[in-house]
Amino acid sequence: MKCYFHGSVNGEDKLLQQMGTVSFAIPDIGIIFRSRWVGNLLDCQYAALLSLMQFLEKNKKLLKDDKVEILSDASVVVYQLSKNAFVYKSVESYYRMVQTYKSKFDFKIHWIPEQDNTAYHGLIGTPPMKPTVDIKFDIKNADDISKRRGGVLPM
């Protein structure tokens, strides 16, 4: 099963804390998720990946023994996770959370260009699908845009 994630921020300086967006998509089952997030670019990219991981964990029955391939244009995040590269102190807690998910289910992570990232562009060309699965995913404080969202990520 191919899964995609994308994180972005609105301002020009990608290292500043600001309003951003996290998203993930699972085209095989017609899922796309987007939410606001406060952080810098790496925070938003890791939050998008962790939101996807949390969704997959809560909906394990959707995996059906499929191998999970995670794709993203988040080059630094993908490099840190696939090559066990240096991890910035500011994102160490996110990195460790992803490592705990690796012990829960098997996945591979790969970089793709932004134009190929379904989580960024949406499910263009995918016909609307009638829901065929019971999905579990909770968004806390959906009316308060100052609250972090994208599921619950313990720090």
# chains A, B, ... in the order shown; residues from 1 in each chain; ligands from 1

$ residues_around --residues "Leu42 (chain A)" --least-positions-apart "2" --cutoff "9 Å" --atoms "only C-alpha atoms" --output "list in words"
Gly7, Ser8, Lys14, Leu15, Gly39, Asn40, Cys44, Gln45, Tyr46, Ala47, Ala74, Val76, Val77, Ser90 and Val91 of chain A

$ write_last_selection --atoms "N, CA and C atoms" --output "CSV table (one decimal), in the first residue's frame"
chain,number,residue,atom,x,y,z
A,7,GLY,N,4.3,18.2,4.5
A,7,GLY,CA,4.1,19.2,5.5
A,7,GLY,C,4.7,20.5,4.8
A,8,SER,N,4.0,21.6,5.1
A,8,SER,CA,4.5,22.9,4.6
A,8,SER,C,4.2,24.0,5.5
A,14,LYS,N,11.4,29.3,6.3
A,14,LYS,CA,10.9,28.0,6.7
A,14,LYS,C,11.4,27.5,8.1
A,15,LEU,N,12.3,28.2,8.7
A,15,LEU,CA,12.8,27.8,10.0
A,15,LEU,C,12.1,28.4,11.2
A,39,GLY,N,4.4,25.3,13.6
A,39,GLY,CA,5.8,24.8,13.7
A,39,GLY,C,6.6,25.3,12.5
A,40,ASN,N,7.8,24.9,12.5
A,40,ASN,CA,8.7,25.2,11.3
A,40,ASN,C,8.4,24.1,10.3
A,44,CYS,N,6.4,20.5,10.7
A,44,CYS,CA,5.2,20.2,10.0
A,44,CYS,C,5.4,18.9,9.2
A,45,GLN,N,6.5,18.7,8.6
A,45,GLN,CA,6.8,17.5,7.9
A,45,GLN,C,6.7,16.2,8.8
A,46,TYR,N,7.4,16.3,9.9
A,46,TYR,CA,7.3,15.2,10.9
A,46,TYR,C,5.9,15.0,11.4
A,47,ALA,N,5.2,16.1,11.7
A,47,ALA,CA,3.8,16.0,12.1
A,47,ALA,C,2.9,15.3,11.1
A,74,ALA,N,9.5,15.4,1.4
A,74,ALA,CA,10.2,16.0,2.6
A,74,ALA,C,11.6,15.4,2.6
A,76,VAL,N,14.7,16.1,3.8
A,76,VAL,CA,15.5,16.0,5.0
A,76,VAL,C,14.9,14.8,5.9
A,77,VAL,N,13.6,14.8,6.0
A,77,VAL,CA,12.9,13.8,6.9
A,77,VAL,C,13.2,12.4,6.3
A,90,SER,N,16.1,19.7,17.6
A,90,SER,CA,14.7,20.2,17.6
A,90,SER,C,13.7,19.1,17.2
A,91,VAL,N,14.1,18.1,16.4
A,91,VAL,CA,13.2,17.1,15.9
A,91,VAL,C,13.5,15.7,16.4

$ closest_residue --among "A:Asp106, A:Tyr79, A:Ala48, A:Val9" --to "Asp65 (chain A)" --atoms "only C-alpha atoms"
A:Asp106

$ closest_residue --among "A:Gln17, A:Phe105, A:Lys2, A:Val98" --to "Ile31 (chain A)" --atoms "only C-alpha atoms"
A:Lys2

$ closest_residue --among "A:Val22, A:Ile109, A:Leu63, A:Ala85" --to "Asn10 (chain A)" --atoms "only C-alpha atoms"
A:Val22

$ select_by_dssp --residues "region 21-143 of chain A" --states "strand (DSSP E or B)" --output "PyMOL selection string"
chain A and resi 21-26+31-39+68-72+107-111

$ write_last_selection --atoms "C-alpha atoms" --output "PDB file, in the first residue's frame"
ATOM      1  CA  THR A  21      -0.250  22.467   6.944  1.00  0.00           C
ATOM      2  CA  VAL A  22       0.127  18.736   7.459  1.00  0.00           C
ATOM      3  CA  SER A  23      -1.412  16.230   5.090  1.00  0.00           C
ATOM      4  CA  PHE A  24      -1.347  12.579   4.172  1.00  0.00           C
ATOM      5  CA  ALA A  25      -3.013  10.535   1.484  1.00  0.00           C
ATOM      6  CA  ILE A  26      -3.691   6.849   0.922  1.00  0.00           C
ATOM      7  CA  ILE A  31      -8.137   8.817   2.044  1.00  0.00           C
ATOM      8  CA  ILE A  32      -6.766  12.338   2.156  1.00  0.00           C
ATOM      9  CA  PHE A  33      -6.225  14.239   5.393  1.00  0.00           C
ATOM     10  CA  ARG A  34      -5.247  17.896   5.871  1.00  0.00           C
ATOM     11  CA  SER A  35      -4.963  20.004   8.992  1.00  0.00           C
ATOM     12  CA  ARG A  36      -3.307  23.159  10.272  1.00  0.00           C
ATOM     13  CA  TRP A  37      -0.171  22.867  12.359  1.00  0.00           C
ATOM     14  CA  VAL A  38       2.022  25.389  14.132  1.00  0.00           C
ATOM     15  CA  GLY A  39       5.752  24.850  13.686  1.00  0.00           C
ATOM     16  CA  VAL A  68       3.553  -0.114   3.475  1.00  0.00           C
ATOM     17  CA  GLU A  69       5.554   2.199   1.231  1.00  0.00           C
ATOM     18  CA  ILE A  70       5.663   5.777   2.484  1.00  0.00           C
ATOM     19  CA  LEU A  71       6.484   8.441  -0.082  1.00  0.00           C
ATOM     20  CA  SER A  72       7.188  12.147   0.413  1.00  0.00           C
ATOM     21  CA  PHE A 107       7.290   0.194   6.245  1.00  0.00           C
ATOM     22  CA  LYS A 108       9.775   1.608   3.783  1.00  0.00           C
ATOM     23  CA  ILE A 109      10.183   5.334   3.207  1.00  0.00           C
ATOM     24  CA  HIS A 110      11.278   6.950  -0.065  1.00  0.00           C
ATOM     25  CA  TRP A 111      11.649  10.441  -1.516  1.00  0.00           C
TER      26      TRP A 111
END

$ residues_around --residues "Met53 (chain A)" --least-positions-apart "3" --cutoff "8 Å" --atoms "only C-alpha atoms" --output "ChimeraX atom specification"
/A:49-50,56-57,98,101

$ select_by_dssp --residues "region 65-111 of chain A" --states "helix (DSSP H, G or I)" --output "list in words"
Ser75, Val76, Val77, Val78, Tyr79, Gln80, Leu81, Ser82, Lys89, Ser90, Val91, Glu92, Ser93, Tyr94, Tyr95, Arg96, Met97, Val98, Gln99, Thr100, Tyr101 and Lys102 of chain A

$ closest_residue --among "A:Val87, A:Met19, A:Cys3, A:Ala119" --to "Leu41 (chain A)" --atoms "only C-alpha atoms"
A:Met19

$ closest_residue --among "A:Ile29, A:Ser82, A:Phe5, A:Asp43" --to "Asn59 (chain A)" --atoms "only C-alpha atoms"
A:Ile29

$ closest_residue --among "A:Lys89, A:Arg96, A:His121, A:Lys83" --to "Pro27 (chain A)" --atoms "only C-alpha atoms"
A:His121

$ decode --residues "region 48-108 of chain A" --atoms "C-alpha atoms" --output "PDB file, in the first residue's frame"
ATOM      1  CA  ALA A  48       2.388  14.914   8.771  1.00  0.00           C
ATOM      2  CA  LEU A  49       4.325  11.631   8.870  1.00  0.00           C
ATOM      3  CA  LEU A  50       3.330  10.968  12.480  1.00  0.00           C
ATOM      4  CA  SER A  51      -0.320  11.716  11.694  1.00  0.00           C
ATOM      5  CA  LEU A  52      -0.115   9.111   8.919  1.00  0.00           C
ATOM      6  CA  MET A  53       1.544   6.626  11.289  1.00  0.00           C
ATOM      7  CA  GLN A  54      -1.105   7.198  13.918  1.00  0.00           C
ATOM      8  CA  PHE A  55      -3.849   6.721  11.328  1.00  0.00           C
ATOM      9  CA  LEU A  56      -2.288   3.440  10.144  1.00  0.00           C
ATOM     10  CA  GLU A  57      -1.899   2.191  13.703  1.00  0.00           C
ATOM     11  CA  LYS A  58      -5.511   2.962  14.595  1.00  0.00           C
ATOM     12  CA  ASN A  59      -6.737   1.356  11.375  1.00  0.00           C
ATOM     13  CA  LYS A  60      -4.489  -1.718  11.162  1.00  0.00           C
ATOM     14  CA  LYS A  61      -7.216  -3.739   9.500  1.00  0.00           C
ATOM     15  CA  LEU A  62      -6.773  -1.568   6.396  1.00  0.00           C
ATOM     16  CA  LEU A  63      -3.212  -2.849   5.978  1.00  0.00           C
ATOM     17  CA  LYS A  64      -4.270  -6.490   5.422  1.00  0.00           C
ATOM     18  CA  ASP A  65      -0.669  -7.723   5.532  1.00  0.00           C
ATOM     19  CA  ASP A  66       0.225  -5.246   2.768  1.00  0.00           C
ATOM     20  CA  LYS A  67       3.706  -3.829   2.792  1.00  0.00           C
ATOM     21  CA  VAL A  68       3.553  -0.114   3.475  1.00  0.00           C
ATOM     22  CA  GLU A  69       5.554   2.199   1.231  1.00  0.00           C
ATOM     23  CA  ILE A  70       5.663   5.777   2.484  1.00  0.00           C
ATOM     24  CA  LEU A  71       6.484   8.441  -0.082  1.00  0.00           C
ATOM     25  CA  SER A  72       7.188  12.147   0.413  1.00  0.00           C
ATOM     26  CA  ASP A  73       8.919  15.205  -0.983  1.00  0.00           C
ATOM     27  CA  ALA A  74      10.247  15.967   2.554  1.00  0.00           C
ATOM     28  CA  SER A  75      13.863  15.307   1.599  1.00  0.00           C
ATOM     29  CA  VAL A  76      15.453  15.956   5.009  1.00  0.00           C
ATOM     30  CA  VAL A  77      12.941  13.794   6.874  1.00  0.00           C
ATOM     31  CA  VAL A  78      13.194  10.948   4.356  1.00  0.00           C
ATOM     32  CA  TYR A  79      16.998  11.118   4.420  1.00  0.00           C
ATOM     33  CA  GLN A  80      17.131  11.115   8.230  1.00  0.00           C
ATOM     34  CA  LEU A  81      14.850   8.077   8.428  1.00  0.00           C
ATOM     35  CA  SER A  82      16.185   6.042   5.526  1.00  0.00           C
ATOM     36  CA  LYS A  83      19.911   6.644   6.025  1.00  0.00           C
ATOM     37  CA  ASN A  84      20.009   6.955   9.841  1.00  0.00           C
ATOM     38  CA  ALA A  85      21.565  10.373   9.252  1.00  0.00           C
ATOM     39  CA  PHE A  86      22.189  13.200  11.698  1.00  0.00           C
ATOM     40  CA  VAL A  87      18.953  14.374  13.336  1.00  0.00           C
ATOM     41  CA  TYR A  88      18.530  17.964  14.498  1.00  0.00           C
ATOM     42  CA  LYS A  89      17.961  18.239  18.247  1.00  0.00           C
ATOM     43  CA  SER A  90      14.723  20.160  17.610  1.00  0.00           C
ATOM     44  CA  VAL A  91      13.152  17.105  15.910  1.00  0.00           C
ATOM     45  CA  GLU A  92      14.703  14.270  17.937  1.00  0.00           C
ATOM     46  CA  SER A  93      11.424  13.551  19.727  1.00  0.00           C
ATOM     47  CA  TYR A  94       9.588  13.249  16.384  1.00  0.00           C
ATOM     48  CA  TYR A  95      12.343  10.996  15.044  1.00  0.00           C
ATOM     49  CA  ARG A  96      12.098   8.714  18.098  1.00  0.00           C
ATOM     50  CA  MET A  97       8.306   8.483  17.720  1.00  0.00           C
ATOM     51  CA  VAL A  98       8.706   7.342  14.109  1.00  0.00           C
ATOM     52  CA  GLN A  99      11.187   4.701  15.299  1.00  0.00           C
ATOM     53  CA  THR A 100       8.592   3.346  17.746  1.00  0.00           C
ATOM     54  CA  TYR A 101       6.156   2.934  14.850  1.00  0.00           C
ATOM     55  CA  LYS A 102       8.800   0.917  12.974  1.00  0.00           C
ATOM     56  CA  SER A 103       8.513  -1.687  15.731  1.00  0.00           C
ATOM     57  CA  LYS A 104       4.717  -1.799  15.321  1.00  0.00           C
ATOM     58  CA  PHE A 105       4.485  -2.309  11.562  1.00  0.00           C
ATOM     59  CA  ASP A 106       6.873  -2.693   8.669  1.00  0.00           C
ATOM     60  CA  PHE A 107       7.290   0.194   6.245  1.00  0.00           C
ATOM     61  CA  LYS A 108       9.775   1.608   3.783  1.00  0.00           C
TER      62      LYS A 108
END
